Amino acid sequence: MKTKAILVDITKCIGCGNCEQACKEAHGLPMASEPVLSATALTVVEPRGEKFVRRMCMHCQEPACASACPVGALKKTAAGPVVYDAGKCMGCRYCMLACPFQVPRYEWTKLAPYVKKCDMCAGRLTKGGLPACVQACPTGASLFGDRDDLLAEAQKRILENSAYVRHIYGSEEVGGTSVFFLSDVPFEKLGFAAVPTKRPMPTLTANALGDVPTVVLVGSSLLAGLYWITERRKQVALAEAKERSSTSRMDEERS
Amino acid sequence: MTHLRFPKITLWRVLVALIFAAGLYATYARFLVGFAASTNLSDSVPWGLWVGLGTLCGVGLSAGGFAVAAAAYILGFDRYRPVVRAAVLISFLGYLTVVVGMLYELGLPWRIWHPILMWNRSSVLFEVSWCVMLYTAVLTLEFSPALFEKIPWKRAREWYLRWHHAILIELVLIGVVLSSLHQSFLGGLYLITEGKLDPLWYSPYIPSLFYLSAIPAGLALTIMALYLSARSLNARFDLSILSEISRLMAPLLGVYALFRGVDLVTHGALPYMLRWRSETGLFWLEMALFVIIPLALLSSEQVRNNPQWLYWTCALVVMGFVANRLNVSVTGLQASAGVHYVPKWTEMASTIAIIAAAVLAFRYAVLYLNIFPQPKQSWMMKAASD
C-alpha cells in the first residue's frame, strides 16, 4: 500500500464543523464542539479572520514523538498514520514536549490518563475506508489519497491559481508530513507553527545517541588507564619506601 | 515501670511534621484525585516542577557520588577516602528520590518498568531510564557494605565484604560511565525542543552543558552535607577535606563558564543576554548564583579554608544549579507554550516531602551506620591497608 495523506485546502473550507463531529463520532468522544484541540477533540476548525483553519496531527514522515517515546508507543506506519499504542504508554508525556506542532493532548482529569491525538482513522483505512473527517467534508476542502498524488494535486492548484500562497505547508516542514495545507493567506497569519527546521526532528537527537558506544568504549578505557597509572604509582612509591627503609637499616647495622 | 515519654517538641520536629503532612495530602491528591487536582500542568506545559526539580535537579545534584568515588579510587586522591561512603550515600538517596518522584510524575506509574521490555533505541528518554536504572543498582551495590557489615553472621558478612572489595573498582568505573551518559542525556532530552526552548538555554551542546554543570553542583551538595554531618551529627573526619574538594570546584565551574560563554556567543544568543525580559533576568540570576559569585568567593583562600564560608558558597552553587535546571525545563519554554506556569502548592509539597525523607534517611544512616570513619575500628583503614 502506498503511503496516504490528507490535503486541506483552506480556501474551500466553510467552517461547517462536520469534520469535528464525524471525528468525535468515529472515536467515541463527547459530541460538544470545542474551540481548541483537547483530549476529547482530535481535530477542530478554528476561525482565523475570514478563514477557517483545521487543526490536527500532521502525521510527520519522521515524527519527533515517535523518536522521543521511550517505550515505542508512538509509531509511523507505512500507510501514513502516526499511531499510538495505549498498552505501551507509561504517561511520561515526552511526546508532548517533543512535538513541533504541539498536537498531543493528555487526559489530565483521569486517574489512568492516556495521550490523545488524531490517528488518521488508521482502523478505518485498513478496511479500505476514508478518514471520518474527510468523508464528512461537504466542500472537498479535505481530501484523502496517496501522498504523492496529493502533493501533485496541491502543486497543480498553486500553479493554476495565483491566489494561493506559493507553499504547500507540510511538504518540507520537519522533513515533510502526511497532512498538507493550501492557503490564500500567509500561513504565519493563520497560526501555523513556524517550525525551526526542514530536517526531520529525530536527527536532532540521533547524533547524540550515536555517540553512546564511543563514550562507553573511550570512557571506560580512559578510566581503566588512569586506574592503572594510579596503582602503578602507588606500587612504585611503596617499593621505593621499602628500599629506603632497608638501606637505612643497613646503614644502621654498619655503623 | 517504664514511662512512655512523649517526644520533645522542637521547631525542627514541627517543621518536619508539617512537611510530611503536606506531602501526604499532595500524595492523596495526585494518586486518588489526579493530575488536574494536584498540578498546574496542562497540554501546553506537560512537564513542570516534578521534572525540573525532582528529576533534573535530583539526578544532577547526586553527581557527587560518582565524582568523589572516581577521584578516590581511580585518580588516586586517597585523601578523599574517609568521605567516599558519605558521598555515595548522598547520591544513592538522591537517586531514590528521583525514582519515587518518577512515580508521581508518570501518568501510569505502575508501568514504570515498561522501558525494560519495550525498547526504543532512538529515544533519549529510553537511554536515560536505562542508565538511571542501572546506576541506581550500582549505587545500591556501592553502598551495600554499610548495611552488610551489620550482619551478625561473621562468615556471611566477611564473604560479602570480600566479594564487594573484589568488584569495587569495576563498580566505580561502570558508575562513572553510566553517570556520564545520563547526566548529559538529561540535557539531551531538550535537543528536540529546538524552536521552543529559549536561545539562552537551547544549544546543540546542551548534553555537554548538563554534564559539565552536574559535577561541580554534585560536589557542592556533597560538601554541604559533609559540613552539616560534622556540625550536627558528630561525624568525625578532617574538615580540611572540604577545602580540598572545593579546590576542584573552581576549575570545574570555570570550565563550565567558558564552555557556556563560547556556546552562547557562537550560536548567536548574545542579543538575548541583554534584552529586557523576564527570561534574561532569570538567566543572569542563574549565572550569578552558579558561576559568577561562587568563582569570586572560591578564588579567596580564606573562603576555601573556612568550612562555614565554604558551606554558604556551595549553597549558592546548588541554588544556581537549581535555577539553571528550572530555567531549561520551565522558564525557557514559557514563551513558546504561551501559558504562564506556576506550580501548584501540591507539586511543591510532594517534592519537598520526598527530599525531606531523603534528608532524614541520611541523618539516621549517619547516626546508626558507619558512614564516617569510626574512632576505633575504621572500615576505611581496613580498606586502605589491604
# chains A, B, ... in the order shown; residues from 1 in each chain; ligands from 1

$ closest_atom_pairs --of "chain B" --to "chain A" --cutoff "7 Å" --atoms "only C-alpha atoms" --output "Markdown table"
| residue | atom | partner | partner_atom | distance |
| --- | --- | --- | --- | --- |
| B:Val33 | CA | A:Leu111 | CA | 6.8 |
| B:Gly34 | CA | A:Leu111 | CA | 5.2 |
| B:Phe35 | CA | A:Trp108 | CA | 5.4 |
| B:Ala36 | CA | A:Thr109 | CA | 5.2 |
| B:Asp43 | CA | A:Arg105 | CA | 5.5 |
| B:Pro46 | CA | A:Arg93 | CA | 6.3 |
| B:Ile74 | CA | A:Tyr227 | CA | 4.5 |
| B:Leu75 | CA | A:Thr230 | CA | 6.1 |
| B:Gly76 | CA | A:Thr230 | CA | 5.5 |
| B:Leu106 | CA | A:Cys92 | CA | 5.0 |
| B:Gly107 | CA | A:Gly91 | CA | 4.1 |
| B:Leu108 | CA | A:Met90 | CA | 4.9 |
| B:Pro109 | CA | A:Met90 | CA | 6.7 |
| B:Arg111 | CA | A:Met90 | CA | 5.4 |
| B:Ile112 | CA | A:Met90 | CA | 6.5 |
| B:His114 | CA | A:Val71 | CA | 6.6 |
| B:Pro115 | CA | A:Val71 | CA | 5.4 |
| B:Met118 | CA | A:Val71 | CA | 4.9 |
| B:Trp119 | CA | A:Val71 | CA | 5.4 |
| B:Asn120 | CA | A:Gly72 | CA | 5.2 |
| B:Ser122 | CA | A:Ser67 | CA | 5.4 |
| B:Ser123 | CA | A:Ala68 | CA | 4.6 |
| B:Val124 | CA | A:Ala68 | CA | 6.6 |
| B:Leu125 | CA | A:Pro70 | CA | 5.3 |
| B:Phe126 | CA | A:Pro70 | CA | 4.2 |
| B:Leu173 | CA | A:Leu223 | CA | 6.8 |
| B:Val177 | CA | A:Val216 | CA | 6.3 |
| B:Leu191 | CA | A:Leu204 | CA | 6.0 |
| B:Ile192 | CA | A:Ala98 | CA | 5.7 |
| B:Thr193 | CA | A:Ala98 | CA | 6.0 |
| B:Glu194 | CA | A:Pro196 | CA | 6.7 |
| B:Gly195 | CA | A:Pro196 | CA | 5.1 |

$ select_by_dssp --residues "stretch 32-81 of chain A" --states "alpha helix (DSSP H)" --output "ChimeraX atom specification"
/A:64-68

$ write_last_selection --atoms "all heavy atoms" --output "PDB file, in the first residue's frame"
ATOM      1  N   ALA A  64       8.802  13.426  15.529  1.00  0.00           N
ATOM      2  CA  ALA A  64       9.552  13.679  16.758  1.00  0.00           C
ATOM      3  C   ALA A  64       8.999  12.830  17.894  1.00  0.00           C
ATOM      4  O   ALA A  64       9.747  12.259  18.682  1.00  0.00           O
ATOM      5  CB  ALA A  64       9.481  15.162  17.119  1.00  0.00           C
ATOM      6  N   CYS A  65       7.659  12.727  17.968  1.00  0.00           N
ATOM      7  CA  CYS A  65       7.026  12.000  19.074  1.00  0.00           C
ATOM      8  C   CYS A  65       7.477  10.544  19.087  1.00  0.00           C
ATOM      9  O   CYS A  65       7.794   9.990  20.137  1.00  0.00           O
ATOM     10  CB  CYS A  65       5.513  12.100  18.989  1.00  0.00           C
ATOM     11  SG  CYS A  65       4.811  11.440  17.458  1.00  0.00           S
ATOM     12  N   ALA A  66       7.508   9.925  17.886  1.00  0.00           N
ATOM     13  CA  ALA A  66       7.859   8.507  17.826  1.00  0.00           C
ATOM     14  C   ALA A  66       9.318   8.287  18.208  1.00  0.00           C
ATOM     15  O   ALA A  66       9.651   7.284  18.835  1.00  0.00           O
ATOM     16  CB  ALA A  66       7.592   7.956  16.432  1.00  0.00           C
ATOM     17  N   SER A  67      10.194   9.261  17.853  1.00  0.00           N
ATOM     18  CA  SER A  67      11.595   9.106  18.240  1.00  0.00           C
ATOM     19  C   SER A  67      11.765   9.363  19.732  1.00  0.00           C
ATOM     20  O   SER A  67      12.639   8.807  20.368  1.00  0.00           O
ATOM     21  CB  SER A  67      12.483  10.066  17.448  1.00  0.00           C
ATOM     22  OG  SER A  67      12.499  11.344  18.037  1.00  0.00           O
ATOM     23  N   ALA A  68      10.901  10.212  20.308  1.00  0.00           N
ATOM     24  CA  ALA A  68      11.053  10.583  21.716  1.00  0.00           C
ATOM     25  C   ALA A  68      10.514   9.511  22.654  1.00  0.00           C
ATOM     26  O   ALA A  68      11.050   9.305  23.739  1.00  0.00           O
ATOM     27  CB  ALA A  68      10.352  11.907  21.988  1.00  0.00           C
TER      28      ALA A  68
END

$ atom_distance --atom1 "atom CA of B:Glu244" --atom2 "atom CA of B:Val138"
26.1 Å

$ atom_distance --atom1 "atom CA of B:Arg247" --atom2 "atom CA of B:Thr313"
12.5 Å

$ atom_distance --atom1 "atom CA of B:Leu186" --atom2 "atom CA of B:Ser246"
25.0 Å
